[in-house]
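Data from final19.txt: compact mmCIF, C-alpha atoms
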# COMPACT_ATOMS: atom_id res chain seq x y z
CA MET A 462 0.52 -0.17 -27.21
CA PRO A 463 -2.81 -1.18 -28.86
CA SER A 464 -5.94 -0.58 -26.82
CA GLY A 465 -6.83 -4.28 -26.99
CA THR A 466 -3.52 -5.20 -25.38
CA VAL A 467 -4.00 -2.54 -22.70
CA GLY A 468 -7.43 -3.97 -21.94
CA ARG A 469 -6.05 -7.50 -21.57
CA LEU A 470 -3.27 -6.28 -19.29
CA LEU A 471 -5.74 -4.26 -17.23
CA LEU A 472 -7.88 -7.35 -16.64
CA ARG A 473 -4.80 -9.31 -15.62
CA GLY A 474 -3.78 -6.51 -13.30
CA LEU A 475 -7.18 -6.58 -11.60
CA LEU A 476 -6.95 -10.36 -11.23
CA ALA A 477 -3.40 -10.18 -9.87
CA GLY A 478 -4.46 -7.47 -7.43
CA LEU A 479 -7.38 -9.58 -6.23
CA ILE A 480 -5.21 -12.65 -5.62
CA ALA A 481 -2.48 -10.56 -3.99
CA GLY A 482 -5.20 -9.01 -1.83
CA LEU A 483 -6.30 -12.48 -0.68
CA VAL A 484 -2.74 -13.30 0.35
CA ALA A 485 -2.42 -9.92 2.08
CA PHE A 486 -5.68 -10.53 3.95
CA VAL A 487 -4.35 -13.82 5.33
CA PHE A 488 -1.23 -11.96 6.49
CA ALA A 489 -3.26 -9.10 8.00
CA TYR A 490 -5.55 -11.49 9.85
CA THR A 491 -2.84 -13.77 11.21
CA VAL A 492 -0.17 -11.17 11.93
CA GLY A 493 -1.84 -7.76 12.09
CA GLU A 494 -4.97 -8.49 14.09
CA GLY A 495 -3.02 -9.45 17.21
CA PRO A 496 -1.48 -5.99 17.73
CA VAL A 497 -4.83 -4.34 16.87
CA SER A 498 -6.70 -6.39 19.48
CA ASP A 499 -3.97 -5.80 22.05
CA SER A 500 -4.11 -2.05 21.37
CA ILE A 501 -7.87 -1.98 21.88
CA ALA A 502 -7.51 -3.96 25.10
CA GLN A 503 -4.80 -1.53 26.24
CA GLU A 504 -7.08 1.44 25.59
CA GLN A 505 -10.02 -0.17 27.35
CA ALA A 506 -7.86 -0.91 30.38
CA GLN A 507 -6.66 2.69 30.53
CA SER A 508 -10.14 4.19 30.09
CA ALA A 509 -11.94 1.78 32.44
CA PRO A 510 -11.51 4.00 35.54
CA ALA A 511 -13.22 6.85 33.69
CA GLY A 512 -16.24 4.63 33.08
CA HIS A 513 -16.21 4.78 29.31
CA HIS A 514 -14.36 3.57 26.26
CA ASP A 515 -13.21 5.99 23.61
CA HIS A 516 -11.48 4.17 20.80
CA GLY A 517 -9.69 7.04 19.16
CA GLY A 518 -9.31 6.42 15.45
CA GLY A 519 -5.95 4.97 14.59
CA SER A 520 -3.76 6.92 12.25
CA ALA A 521 -5.09 7.12 8.74
CA ALA A 522 -1.52 6.38 7.70
CA GLY A 523 -2.01 2.81 8.80
CA GLY A 524 -2.85 1.69 5.30
CA THR A 525 -5.33 -0.99 4.30
CA GLY A 526 -5.85 -3.51 7.06
CA ASP A 527 -4.94 -1.08 9.83
CA ALA A 528 -8.12 0.98 9.67
CA THR A 529 -9.86 -1.14 12.28
CA ALA A 530 -10.23 1.73 14.70
CA HIS A 531 -13.51 1.92 16.60
CA GLU A 532 -15.09 5.25 17.28
CA HIS A 533 -17.69 5.16 20.02
CA GLY A 534 -18.04 6.71 23.42
CA ALA A 535 -20.39 7.20 26.30
CA ALA A 536 -22.66 10.16 26.80
CA ASP A 537 -22.46 9.78 30.57
CA ALA A 538 -20.26 7.79 32.91
CA GLY A 539 -21.35 4.20 32.88
CA ASP A 540 -23.41 4.56 29.67
CA GLU A 541 -21.74 2.80 26.75
CA GLU A 542 -22.86 3.05 23.17
CA GLU A 543 -23.27 -0.13 21.22
CA GLU A 544 -20.81 -0.64 18.41
CA LEU A 545 -22.41 -0.36 15.00
CA VAL A 546 -20.18 -3.14 13.72
CA SER A 547 -18.90 -5.83 16.05
CA ARG A 548 -15.20 -6.45 16.51
CA ASP A 549 -15.55 -9.94 15.02
CA VAL A 550 -17.06 -8.55 11.83
CA GLN A 551 -14.42 -5.81 11.63
CA SER A 552 -11.57 -8.30 11.93
CA THR A 553 -12.97 -10.74 9.34
CA ALA A 554 -15.47 -9.57 6.73
CA GLY A 555 -14.61 -5.89 7.15
CA LEU A 556 -10.88 -6.50 6.95
CA ALA A 557 -11.27 -8.82 3.94
CA THR A 558 -13.45 -6.32 2.09
CA GLY A 559 -11.03 -3.46 2.68
CA VAL A 560 -7.93 -5.41 1.65
CA LEU A 561 -9.53 -6.99 -1.43
CA VAL A 562 -10.96 -3.71 -2.71
CA TYR A 563 -7.59 -2.06 -2.15
CA GLY A 564 -5.80 -4.91 -3.93
CA VAL A 565 -8.07 -4.74 -6.98
CA ALA A 566 -7.78 -0.94 -7.14
CA VAL A 567 -4.00 -0.81 -6.96
CA GLY A 568 -3.78 -3.78 -9.33
CA GLY A 569 -5.69 -1.88 -12.00
CA ILE A 570 -3.71 1.32 -11.51
CA ALA A 571 -0.38 -0.54 -11.49
CA ALA A 572 -1.35 -2.39 -14.67
CA LEU A 573 -1.96 0.92 -16.45
CA ALA A 574 1.36 2.23 -15.13
CA PHE A 575 2.99 -0.94 -16.46
CA CYS A 576 1.53 -0.29 -19.92
CA PHE A 577 3.07 3.18 -19.89
CA ALA A 578 6.45 2.06 -18.48
CA LEU A 579 7.05 -1.01 -20.66
CA GLY A 580 9.83 -0.15 -23.10
CA ARG A 581 10.18 3.41 -21.77
CA VAL A 582 12.27 2.83 -18.62
CA GLY A 583 14.93 0.64 -20.16
CA ARG A 584 15.26 -2.61 -22.01
CA PHE A 585 13.36 -4.64 -19.47
CA GLY A 586 10.99 -7.49 -20.21
CA PRO A 587 7.44 -7.72 -18.81
CA ARG A 588 8.46 -9.51 -15.59
CA ALA A 589 11.23 -7.05 -14.74
CA THR A 590 9.03 -4.08 -15.62
CA ALA A 591 6.25 -5.41 -13.36
CA VAL A 592 8.73 -5.70 -10.48
CA LEU A 593 10.04 -2.17 -11.11
CA VAL A 594 6.53 -0.69 -11.26
CA ALA A 595 5.44 -2.51 -8.09
CA GLY A 596 8.61 -1.50 -6.26
CA ALA A 597 8.24 2.14 -7.30
CA ALA A 598 4.58 2.10 -6.24
CA PHE A 599 5.44 0.62 -2.84
CA VAL A 600 8.08 3.28 -2.22
CA THR A 601 6.14 6.31 -3.46
CA VAL A 602 2.60 5.37 -2.44
CA TYR A 603 3.29 3.78 0.91
CA PHE A 604 6.82 3.70 2.33
CA VAL A 605 7.87 7.34 1.93
CA PRO A 606 4.53 8.70 3.25
CA PHE A 607 4.80 6.15 6.08
CA LEU A 608 8.13 7.66 7.16
CA LYS A 609 6.42 11.01 7.72
CA TYR A 610 3.10 9.73 9.03
CA PRO A 611 3.66 6.23 10.42
CA ALA A 612 0.78 3.91 11.19
CA ASN A 613 -0.69 4.14 14.68
CA PRO A 614 -2.95 1.56 16.34
CA PRO A 615 -6.57 2.32 17.31
CA ALA A 616 -5.63 3.31 20.86
CA VAL A 617 -3.48 6.15 19.55
CA GLY A 618 -5.05 9.27 18.10
CA ASN A 619 -7.86 11.70 18.72
CA PRO A 620 -11.02 10.92 16.70
CA ASP A 621 -11.59 14.66 16.25
CA THR A 622 -8.36 14.97 14.22
CA ILE A 623 -8.77 11.93 11.96
CA GLY A 624 -9.96 14.11 9.06
CA LYS A 625 -6.88 16.30 9.25
CA ARG A 626 -4.56 13.31 9.60
CA THR A 627 -6.15 11.57 6.62
CA ALA A 628 -5.84 14.69 4.46
CA LEU A 629 -2.17 15.11 5.37
CA PHE A 630 -1.42 11.46 4.62
CA PHE A 631 -3.06 11.58 1.19
CA LEU A 632 -1.34 14.89 0.46
CA MET A 633 1.97 13.20 1.20
CA ILE A 634 1.05 10.34 -1.15
CA ALA A 635 0.11 12.74 -3.96
CA LEU A 636 3.33 14.72 -3.57
CA SER A 637 5.41 11.54 -3.44
CA VAL A 638 3.86 10.18 -6.64
CA LEU A 639 4.24 13.50 -8.50
CA ILE A 640 7.87 13.90 -7.46
CA GLY A 641 8.49 10.26 -8.34
CA VAL A 642 7.13 10.77 -11.86
CA ALA A 643 9.24 13.91 -12.20
CA ALA A 644 12.31 11.94 -11.10
CA VAL A 645 11.67 9.32 -13.79
CA ILE A 646 11.35 12.01 -16.47
CA LEU A 647 14.52 13.68 -15.22
CA GLY A 648 16.39 10.38 -15.30
CA LYS A 649 15.34 9.77 -18.90
CA ARG A 650 16.54 13.22 -19.97
CA LEU A 651 19.87 12.88 -18.16
CA ALA A 652 20.57 9.38 -19.48
CA PRO A 653 22.07 10.45 -22.86
CA ARG A 654 24.58 12.71 -21.10
CA LEU A 655 25.33 10.82 -17.87
CA GLY A 656 24.59 7.25 -18.81
CA THR A 657 21.69 5.15 -17.57
CA TRP A 658 23.21 4.24 -14.20
CA ASN A 659 24.41 7.74 -13.27
CA ALA A 660 21.14 9.29 -14.44
CA THR A 661 19.15 6.82 -12.35
CA VAL A 662 21.24 7.56 -9.25
CA ALA A 663 20.93 11.32 -9.79
CA ALA A 664 17.15 11.11 -10.24
CA GLY A 665 16.81 8.91 -7.16
CA LEU A 666 18.85 11.29 -5.04
CA GLY A 667 16.81 14.21 -6.33
CA TYR A 668 13.59 12.45 -5.33
CA ALA A 669 14.98 11.71 -1.85
CA VAL A 670 16.12 15.30 -1.29
CA VAL A 671 12.84 16.86 -2.41
CA MET A 672 10.76 14.45 -0.32
CA ALA A 673 12.97 15.11 2.72
CA VAL A 674 12.35 18.84 2.35
CA LEU A 675 8.60 18.31 1.96
CA ALA A 676 8.52 16.04 5.00
CA PHE A 677 10.23 18.77 6.99
CA VAL A 678 7.81 21.46 5.77
CA LEU A 679 4.55 19.55 6.16
CA PRO A 680 2.93 19.63 9.62
CA ALA A 681 3.69 16.81 12.01
CA ASN A 682 1.11 14.45 13.45
CA ASP A 683 -0.08 16.21 16.60
CA ASP A 684 -1.46 13.04 18.21
CA ALA A 685 1.27 11.95 20.58
CA ILE A 686 1.70 8.36 21.74
CA PRO A 687 -0.04 8.14 25.14
CA ASP A 688 2.16 7.75 28.19
CA GLY A 689 2.38 4.14 29.21
CA PHE A 690 1.51 2.73 25.79
CA PRO A 691 3.80 -0.30 25.25
CA ALA A 692 6.57 0.52 22.82
CA ALA A 693 6.81 -3.13 21.74
CA LEU A 694 3.12 -3.17 20.83
CA LEU A 695 3.47 0.01 18.77
CA TRP A 696 6.50 -1.49 17.02
CA ASP A 697 4.64 -4.74 16.26
CA PHE A 698 1.70 -2.81 14.84
CA ARG A 699 3.87 -0.74 12.53
CA LEU A 700 5.86 -3.77 11.39
CA ALA A 701 2.59 -5.54 10.58
CA SER A 702 1.48 -2.49 8.59
CA ILE A 703 4.68 -2.50 6.53
CA GLY A 704 4.55 -6.27 6.16
CA LEU A 705 1.03 -6.12 4.77
CA GLN A 706 2.11 -3.75 2.02
CA VAL A 707 5.24 -5.78 1.25
CA VAL A 708 3.17 -8.96 0.89
CA LEU A 709 0.60 -7.21 -1.31
CA TRP A 710 3.04 -5.58 -3.70
CA THR A 711 5.39 -8.56 -3.88
CA GLY A 712 2.52 -10.89 -4.65
CA PHE A 713 1.18 -8.52 -7.29
CA ALA A 714 4.58 -8.07 -8.95
CA LEU A 715 5.27 -11.79 -9.22
CA LEU A 716 1.79 -12.75 -10.39
CA PHE A 717 1.19 -9.85 -12.75
CA GLY A 718 4.68 -10.19 -14.22
CA THR A 719 3.91 -13.80 -15.13
CA LEU A 720 0.47 -12.97 -16.56
CA ALA A 721 1.79 -10.01 -18.53
CA ASP A 722 4.69 -12.02 -19.92
CA ARG A 723 2.28 -14.65 -21.23
CA ALA A 724 -0.12 -12.05 -22.61
CA LEU A 725 2.67 -10.27 -24.50
CA ALA A 726 4.46 -13.40 -25.72
CA PRO A 727 4.52 -13.51 -29.53
CA ALA A 728 2.17 -16.05 -31.06
CA ALA A 729 3.76 -19.14 -32.49
CA PRO A 730 4.09 -19.15 -36.29
CA ALA A 731 1.32 -20.88 -38.19
CA ALA A 732 3.71 -23.59 -39.36
CA GLU A 733 4.45 -24.46 -35.75
CA ARG A 734 0.78 -24.49 -34.76
CA THR A 735 -0.39 -26.70 -37.67
CA PRO A 736 0.22 -30.39 -37.01
CA VAL A 737 2.12 -32.19 -39.74
CA ALA A 738 0.14 -35.00 -41.36
CA ALA A 739 1.61 -38.46 -41.04
CA PRO A 740 3.10 -39.78 -44.25
CA ALA A 741 0.93 -42.25 -46.16
CA VAL A 742 2.07 -45.84 -45.94

Entire entry expressed as structure tokens:
Amino acid sequence: MPSGTVGRLLLRGLLAGLIAGLVAFVFAYTVGEGPVSDSIAQEQAQSAPAGHHDHGGGSAAGGTGDATAHEHGAADAGDEEEELVSRDVQSTAGLATGVLVYGVAVGGIAALAFCFALGRVGRFGPRATAVLVAGAAFVTVYFVPFLKYPANPPAVGNPDTIGKRTALFFLMIALSVLIGVAAVILGKRLAPRLGTWNATVAAGLGYAVVMAVLAFVLPANDDAIPDGFPAALLWDFRLASIGLQVVLWTGFALLFGTLADRALAPAAPAAERTPVAAPAV
């Protein structure tokens, strides 16, 4: 693919990611902020007898929009540190900034992946390829790592372990992406012998088996859910986390597929573009 075409698609990917991020922000604010606020209120209610609030950082696996954990505590009983950033700012400007930056970043990366995949993963047009790339990214970058390290609300998790939890989550993402790429290569090599469908199924099963083994080998999240934490609230938070990613990637796939299809459409022949002069009377 010519570099000029790649550049045009990259710009369209960034734009699609930005718009998809706006839609995802609306979802995160209207659906996701409720469980976050309820989790913080739950933690404050539980820590009130001790005379301090300790908002343990939520799981780094929460994804964009879930990282609204507050980390502050009191040096002595009754002494409470002021939050550096207010809850109102975190839930509006902070949330919007995080989701939009994430949307633009993944939009650019997905656009480059689209340029590589177009014409190499089957006889799919730009729209179908955009959907396949977005679906593969959702599964490998978010959903499979989520199964091992699911999102936890701010009231769950020890702030002292957030570095370890973040490292494990990103390690799981890196492994998932690498194994996913290997599965695609394997499927392409098996296709001449097994056929496209059978090769795709075999590669998909291989990816699932390897990731299951890795999930078993990698250390578990040591931060247990506190006793008494409402199961329904935890469920709502995790559903909101998944929903945010679904909205983001679906919006990107539909919008970028349309933009890419128009960018790659062949130009009309000159004869069709030149208006025909009216016959002289």

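Distances to Asn682 of chain A were evaluated for A:Trp710, A:Phe599, A:Trp658, A:Phe630 using only C-alpha atoms, and the minimum falls at A:Phe630.
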
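Residues with any atom within 10 Å of Ala721 of chain A, counting all atoms listed in the file and excluding same-chain neighbours fewer than 2 positions away, are Thr466, Arg469, Leu470, Leu471, Arg473, Gly474, Ala572, Phe575, Cys576, Gly586, Pro587, Arg588, Thr590, Ala591, Leu716, Phe717, Gly718, Thr719, Arg723, Ala724, Leu725 and Ala726 of chain A.
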
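In this structure, atom CA of Leu709 of chain A sits 24.2 Å away from atom CA of Ala693 of chain A.
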
_Surrounding residues of Phe604 of chain A excluding itself and chain neighbours under 2 positions, 12 Å, all atoms listed in the file, as number ranges by chain_ = A: 522-524, 596-602, 606-612, 630, 633-634, 637-638, 672, 699-700, 702-707, 710

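Using only C-alpha atoms, the nearest neighbour of Gly559 of chain A within the list A:Gly583, A:Pro496, A:Pro691, A:Gly482 is A:Gly482.
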
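Straight-line separation from atom CA of Ala566 of chain A to atom CA of Tyr668 of chain A: 25.3 Å.
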
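The shortest atom-to-atom distance to Gly478 of chain A, with all atoms listed in the file taken into account, belongs to A:Leu715 out of A:Ile640, A:Ala628, A:Leu715, A:Arg654.
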
*By how many Å are atom CA of Leu666 of chain A and atom CA of Ala635 of chain A apart?*
18.8 Å

*Out of A:Leu636, A:Val582, A:Leu720, A:Val678, which residue has the shortest atom-to-atom distance to Lys649 of chain A when counting only C-alpha atoms?*
A:Val582

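You can rank A:Thr711, A:Thr622, A:Thr627, A:Thr553 by their closest distance to Asp683 of chain A using all atoms listed in the file, and at the top of that list sits A:Thr622.
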